[in-house]
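A short worksheet on the structure shown next.
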Amino acid sequence: MRENLKNLCAYVPEASLDEVKKKYDLKKVYRLSANENPYGTSKKVEEAVKNWNFSESNRYPDGYAQKLRTAIAKHIGCKESQLILGVGLDEIIAILSRTFLDQGDEVIVSDPTFSEYELNALIEGAVVKHAKCSEETGKTDFEAMLSEMTDKTKMIWICNPNNPTGALNPVEEIDAFLSKVPKDVIVLIDEAYIEFADGNQTAIGLLSKYDNAAVMRTFSKIYGLANYRVGYIVMSSEPGNVLQTVRCPYNLNSLSQTAALAALSDQKFVEKCAGKNAREREKLEKFFEENDIFYFKSQANFVFFKFEDAEKLAEYLLKHGYQVRRGLRKDWLRVTIGKKKENAELMRLILQYHNEKRKQ
Ligand SMILES: *Cc1c(COP(=O)(O)O)cnc(C)c1O
């Protein structure tokens, strides 16, 4: 085994719903811990998947995912050759790390942010530097990132909106940051949640200006396809070719390609989900404000909030069938914005916990 792998811990995925139900003796579990789409998946996907030609099962899938590639390129306005498709962004993050990182290279990430960036960097033997997010807003602090730069810096991760803080940095800030980053440092902008932000906030427009920048998107979140594992990166063609070489040739199966193509064709569904999410987000944030619970203003489908005994609250919520994400930062919890009824019940449970505690 490689020396640098010996002390790494595996990413801990969500416990399965069945597991949680059994452990807590629950009839139903509301999973507000994985940022999945509570409104399900577009009907168009259901149709496409049901009509999928089973007799293709013995054939390898289209390794270039041509139909899906054409549709994505059209949707975001890029060349087909700029796209690399992956088995979720998880695979893209792994491919990027494998492609660019040598042992001892430095990678800069926000703190806190999505843990996969760091894990994959460590697997390649790179060194990870942390730039603290703003304590007031949860936003990526670009000054802090710049101060972590050395001549060994190879890769910088910007998650926007950031998971778990939910905070969004405007494109102009990213632009200004990129103008200060040397051209031989790759800057990755993970837009897994960008469709939940108000207005068009994507950084894709910056790619024509900066060859060393790339933008990543996934079908797992607003498109409601987490189970199918489809994500992609848009980058300038030259490094893109190398990523195509590193990528496994048949990574995306046909059923996933079919599902993603159908999902992309239903932008009405996307808009509807974004609208409902924004309304529910507002209610949840108002609730935190009214009850003096500190939180970061979110532009995603989750809210990160501070709570004195977060672990106990999470346990209390789970006993009542509501699973939220813990373990991301001491005394903080991340809650995925669910459907109207789920959120109302969640807020009621938080208040109830608050009141019961006060009585003790
Ligand atoms: C969920 C998530 C991903 C992973 O997406 P997949 O496409 O499901 O692998 C990537 N980045 C961030 C920030 C996420 O929260």
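Chain labels run A, B, ... following the order of the structure tokens; each chain numbers its residues from 1, and ligands are numbered from 1 in the order shown.
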Select from stretch 91-293 of chain A everything DSSP, run on the backbone, classes as strand (DSSP E or B), then give the selection as an mmCIF file with N, CA and C atoms, in the first residue's frame.
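Okay, this is what ended up in out_6.cif:
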```cif
data_model
loop_
_atom_site.group_PDB
_atom_site.id
_atom_site.type_symbol
_atom_site.label_atom_id
_atom_site.label_comp_id
_atom_site.auth_asym_id
_atom_site.auth_seq_id
_atom_site.Cartn_x
_atom_site.Cartn_y
_atom_site.Cartn_z
ATOM 1 N N GLU A 106 0.574 21.250 -3.812
ATOM 2 C CA GLU A 106 -0.361 21.799 -2.831
ATOM 3 C C GLU A 106 -1.717 22.113 -3.450
ATOM 4 N N VAL A 107 -2.746 21.837 -2.651
ATOM 5 C CA VAL A 107 -4.127 22.057 -3.068
ATOM 6 C C VAL A 107 -4.775 22.960 -2.025
ATOM 7 N N ILE A 108 -5.486 23.984 -2.478
ATOM 8 C CA ILE A 108 -6.154 24.883 -1.529
ATOM 9 C C ILE A 108 -7.660 24.636 -1.558
ATOM 10 N N VAL A 109 -8.218 24.440 -0.373
ATOM 11 C CA VAL A 109 -9.676 24.289 -0.243
ATOM 12 C C VAL A 109 -10.182 25.250 0.828
ATOM 13 N N SER A 110 -11.469 25.530 0.775
ATOM 14 C CA SER A 110 -12.102 26.322 1.829
ATOM 15 C C SER A 110 -12.300 25.458 3.064
ATOM 16 N N ASP A 111 -12.498 26.121 4.185
ATOM 17 C CA ASP A 111 -12.829 25.411 5.413
ATOM 18 C C ASP A 111 -14.013 26.107 6.060
ATOM 19 N N VAL A 127 -0.587 17.885 -0.724
ATOM 20 C CA VAL A 127 -0.699 18.534 0.588
ATOM 21 C C VAL A 127 -1.864 19.509 0.521
ATOM 22 N N VAL A 128 -2.762 19.454 1.517
ATOM 23 C CA VAL A 128 -3.961 20.298 1.461
ATOM 24 C C VAL A 128 -3.836 21.492 2.405
ATOM 25 N N LYS A 129 -4.064 22.686 1.851
ATOM 26 C CA LYS A 129 -4.048 23.918 2.638
ATOM 27 C C LYS A 129 -5.482 24.417 2.789
ATOM 28 N N HIS A 130 -5.811 24.909 3.980
ATOM 29 C CA HIS A 130 -7.185 25.330 4.248
ATOM 30 C C HIS A 130 -7.293 26.839 4.378
ATOM 31 N N ALA A 131 -8.292 27.401 3.715
ATOM 32 C CA ALA A 131 -8.571 28.833 3.816
ATOM 33 C C ALA A 131 -9.938 28.988 4.465
ATOM 34 N N LYS A 132 -9.963 29.537 5.654
ATOM 35 C CA LYS A 132 -11.224 29.640 6.405
ATOM 36 C C LYS A 132 -12.252 30.494 5.677
ATOM 37 N N THR A 153 1.628 25.504 -5.180
ATOM 38 C CA THR A 153 0.181 25.399 -5.366
ATOM 39 C C THR A 153 -0.137 24.931 -6.785
ATOM 40 N N LYS A 154 -0.984 23.892 -6.873
ATOM 41 C CA LYS A 154 -1.299 23.332 -8.180
ATOM 42 C C LYS A 154 -2.780 23.455 -8.494
ATOM 43 N N MET A 155 -3.608 23.401 -7.447
ATOM 44 C CA MET A 155 -5.049 23.263 -7.650
ATOM 45 C C MET A 155 -5.794 24.017 -6.553
ATOM 46 N N ILE A 156 -6.872 24.716 -6.967
ATOM 47 C CA ILE A 156 -7.692 25.438 -5.991
ATOM 48 C C ILE A 156 -9.158 25.065 -6.226
ATOM 49 N N TRP A 157 -9.850 24.733 -5.140
ATOM 50 C CA TRP A 157 -11.263 24.351 -5.240
ATOM 51 C C TRP A 157 -12.156 25.473 -4.731
ATOM 52 N N ILE A 158 -13.118 25.875 -5.570
ATOM 53 C CA ILE A 158 -14.135 26.836 -5.135
ATOM 54 C C ILE A 158 -15.486 26.148 -5.277
ATOM 55 N N CYS A 159 -16.167 25.973 -4.167
ATOM 56 C CA CYS A 159 -17.492 25.360 -4.215
ATOM 57 C C CYS A 159 -18.495 26.505 -4.113
ATOM 58 N N ILE A 186 -4.620 25.295 -11.554
ATOM 59 C CA ILE A 186 -5.986 25.054 -12.040
ATOM 60 C C ILE A 186 -6.998 25.398 -10.946
ATOM 61 N N VAL A 187 -8.030 26.155 -11.351
ATOM 62 C CA VAL A 187 -9.065 26.580 -10.405
ATOM 63 C C VAL A 187 -10.370 25.894 -10.788
ATOM 64 N N LEU A 188 -10.896 25.098 -9.851
ATOM 65 C CA LEU A 188 -12.101 24.317 -10.134
ATOM 66 C C LEU A 188 -13.283 24.913 -9.404
ATOM 67 N N ILE A 189 -14.317 25.230 -10.170
ATOM 68 C CA ILE A 189 -15.498 25.856 -9.592
ATOM 69 C C ILE A 189 -16.630 24.831 -9.616
ATOM 70 N N ASP A 190 -16.970 24.337 -8.443
ATOM 71 C CA ASP A 190 -17.991 23.288 -8.328
ATOM 72 C C ASP A 190 -19.359 23.949 -8.158
ATOM 73 N N ALA A 213 -9.293 27.783 -15.648
ATOM 74 C CA ALA A 213 -10.491 27.614 -14.813
ATOM 75 C C ALA A 213 -11.407 26.564 -15.440
ATOM 76 N N ALA A 214 -12.202 25.920 -14.606
ATOM 77 C CA ALA A 214 -13.172 24.939 -15.092
ATOM 78 C C ALA A 214 -14.393 24.948 -14.175
ATOM 79 N N VAL A 215 -15.527 24.593 -14.745
ATOM 80 C CA VAL A 215 -16.783 24.605 -13.981
ATOM 81 C C VAL A 215 -17.382 23.205 -13.976
ATOM 82 N N MET A 216 -17.880 22.800 -12.818
ATOM 83 C CA MET A 216 -18.447 21.459 -12.675
ATOM 84 C C MET A 216 -19.929 21.513 -12.304
ATOM 85 N N ARG A 217 -20.688 20.603 -12.892
ATOM 86 C CA ARG A 217 -22.122 20.521 -12.631
ATOM 87 C C ARG A 217 -22.531 19.064 -12.415
ATOM 88 N N THR A 218 -23.664 18.869 -11.761
ATOM 89 C CA THR A 218 -24.137 17.496 -11.531
ATOM 90 C C THR A 218 -25.637 17.366 -11.784
ATOM 91 N N GLY A 231 -22.390 13.518 -13.765
ATOM 92 C CA GLY A 231 -21.883 14.873 -13.549
ATOM 93 C C GLY A 231 -20.947 15.224 -14.685
ATOM 94 N N TYR A 232 -20.576 16.491 -14.811
ATOM 95 C CA TYR A 232 -19.656 16.856 -15.887
ATOM 96 C C TYR A 232 -18.838 18.079 -15.516
ATOM 97 N N ILE A 233 -17.764 18.254 -16.275
ATOM 98 C CA ILE A 233 -16.921 19.428 -16.117
ATOM 99 C C ILE A 233 -16.789 20.115 -17.474
ATOM 100 N N VAL A 234 -16.803 21.432 -17.458
ATOM 101 C CA VAL A 234 -16.555 22.223 -18.669
ATOM 102 C C VAL A 234 -15.185 22.852 -18.492
ATOM 103 N N MET A 235 -14.294 22.611 -19.421
ATOM 104 C CA MET A 235 -12.959 23.209 -19.316
ATOM 105 C C MET A 235 -12.408 23.495 -20.698
#
```
Quiz item: Which neighbours of A:Asn162 fall inside 9 Å, counting only C-alpha atoms, when residues of the same chain fewer than 3 positions from it are skipped, and could you give them as a PyMOL selection string?
Solution: chain A and resi 110+112-114+138-140+158-159+165-169+190-191+193+298-300
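Going from atom CA of A:Val29 over to atom CA of A:Gly321, you cover 4.6 Å.
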Practice problem: Within 7 Å of A:Ser97, counting only C-alpha atoms, which residues show up once you throw out same-chain ones fewer than 5 positions away? Write them as a ChimeraX atom specification, please. | Solution: /A:120-121,124
Quiz prompt | Top pick for closest residue to ligand 1, considering A:Lys152, A:Arg281, A:Arg334, A:Lys297 and counting only C-alpha atoms and all ligand atoms | solution = A:Arg334
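Using only C-alpha atoms and all ligand atoms, the nearest neighbour of ligand 1 within the list A:Arg329, A:His320, A:Arg358, A:Lys221 is A:Lys221.
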Exercise. Could you tell me which of A:Glu116, A:Asp18, A:Glu135, A:Glu342 comes closest to ligand 1 if we count only C-alpha atoms and all ligand atoms?
Key: A:Glu116
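The closest residue to ligand 1, picked from A:Ser256, A:Ser16, A:Thr245, A:Asn53 and counting only C-alpha atoms and all ligand atoms, is A:Ser256.
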Quiz item: A:Lys359, A:Gln257, A:Glu136, A:Phe307: which is nearest A:Arg326, counting only C-alpha atoms?
Solution: A:Phe307
Exercise. Measure the distance from atom CA of A:Gly104 to atom CA of A:Gly125 in Å and round it to one decimal.
Key: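 Value for the atom CA of A:Gly104-atom CA of A:Gly125 distance: 6.3 Å.
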Quiz item: Which polymer residues have any atom within 12 Å of an atom of A:Ser265, counting only C-alpha atoms, with same-chain residues fewer than 2 positions away left out, as a list in words?
Solution: Ser42, Lys43, Lys44, Val45, Ala48, Lys67, Leu68, Ala71, Ile72, Lys74, His75, Tyr223, Thr258, Ala259, Ala260, Leu261, Ala262, Ala263, Gln267, Lys268, Phe269 and Val270 of chain A
With C-alpha atoms kept, could you save the residues just selected as a PDB file, in the first residue's frame?
```
ATOM      1  CA  SER A  42     -39.017  14.743 -13.747  1.00  0.00           C
ATOM      2  CA  LYS A  43     -41.785  12.600 -15.250  1.00  0.00           C
ATOM      3  CA  LYS A  44     -39.848  12.752 -18.513  1.00  0.00           C
ATOM      4  CA  VAL A  45     -37.077  10.766 -16.857  1.00  0.00           C
ATOM      5  CA  ALA A  48     -37.383   7.602 -20.767  1.00  0.00           C
ATOM      6  CA  LYS A  67     -26.399  12.506 -27.373  1.00  0.00           C
ATOM      7  CA  LEU A  68     -26.065  13.694 -23.807  1.00  0.00           C
ATOM      8  CA  ALA A  71     -27.503  18.356 -25.294  1.00  0.00           C
ATOM      9  CA  ILE A  72     -25.288  19.609 -22.442  1.00  0.00           C
ATOM     10  CA  LYS A  74     -26.187  23.279 -26.220  1.00  0.00           C
ATOM     11  CA  HIS A  75     -27.680  23.862 -22.781  1.00  0.00           C
ATOM     12  CA  TYR A 223     -32.356  17.263 -11.471  1.00  0.00           C
ATOM     13  CA  THR A 258     -30.799   8.271 -21.063  1.00  0.00           C
ATOM     14  CA  ALA A 259     -32.025   9.560 -17.701  1.00  0.00           C
ATOM     15  CA  ALA A 260     -29.781  12.634 -17.771  1.00  0.00           C
ATOM     16  CA  LEU A 261     -30.787  13.478 -21.347  1.00  0.00           C
ATOM     17  CA  ALA A 262     -34.471  13.364 -20.405  1.00  0.00           C
ATOM     18  CA  ALA A 263     -33.854  15.376 -17.227  1.00  0.00           C
ATOM     19  CA  GLN A 267     -36.195  22.725 -17.605  1.00  0.00           C
ATOM     20  CA  LYS A 268     -39.723  23.438 -16.360  1.00  0.00           C
ATOM     21  CA  PHE A 269     -39.183  20.847 -13.646  1.00  0.00           C
ATOM     22  CA  VAL A 270     -35.885  22.494 -12.727  1.00  0.00           C
TER      23      VAL A 270
END
```
Quiz prompt | Residue with smallest distance to A:Leu284 - pool A:Ser57, A:Leu346, A:Leu317, A:Val185, counting only C-alpha atoms | solution =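 With only C-alpha atoms as the atom set, the closest residue is A:Leu346.
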Practice problem: Name the residues of stretch 123-318 of chain A that come out as helix (DSSP H, G or I) in a backbone DSSP run; write them as a PyMOL selection string. | Solution: chain A and resi 123+142-147+171-178+194-196+204-208+237-246+254-264+267-290+310-318
Quiz item: What is the distance between atom CA of A:Gln323 and atom CA of A:Ala310, in Å to one decimal?
Solution: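 Between atom CA of A:Gln323 and atom CA of A:Ala310 the gap works out to 12.6 Å.
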Quiz item: Got a sec: who's within 10 Å of A:Ser237, counting only C-alpha atoms, leaving out chain neighbours fewer than 6 positions off, as a VMD selection string?
Solution: chain A and resid 79 to 84 211 243
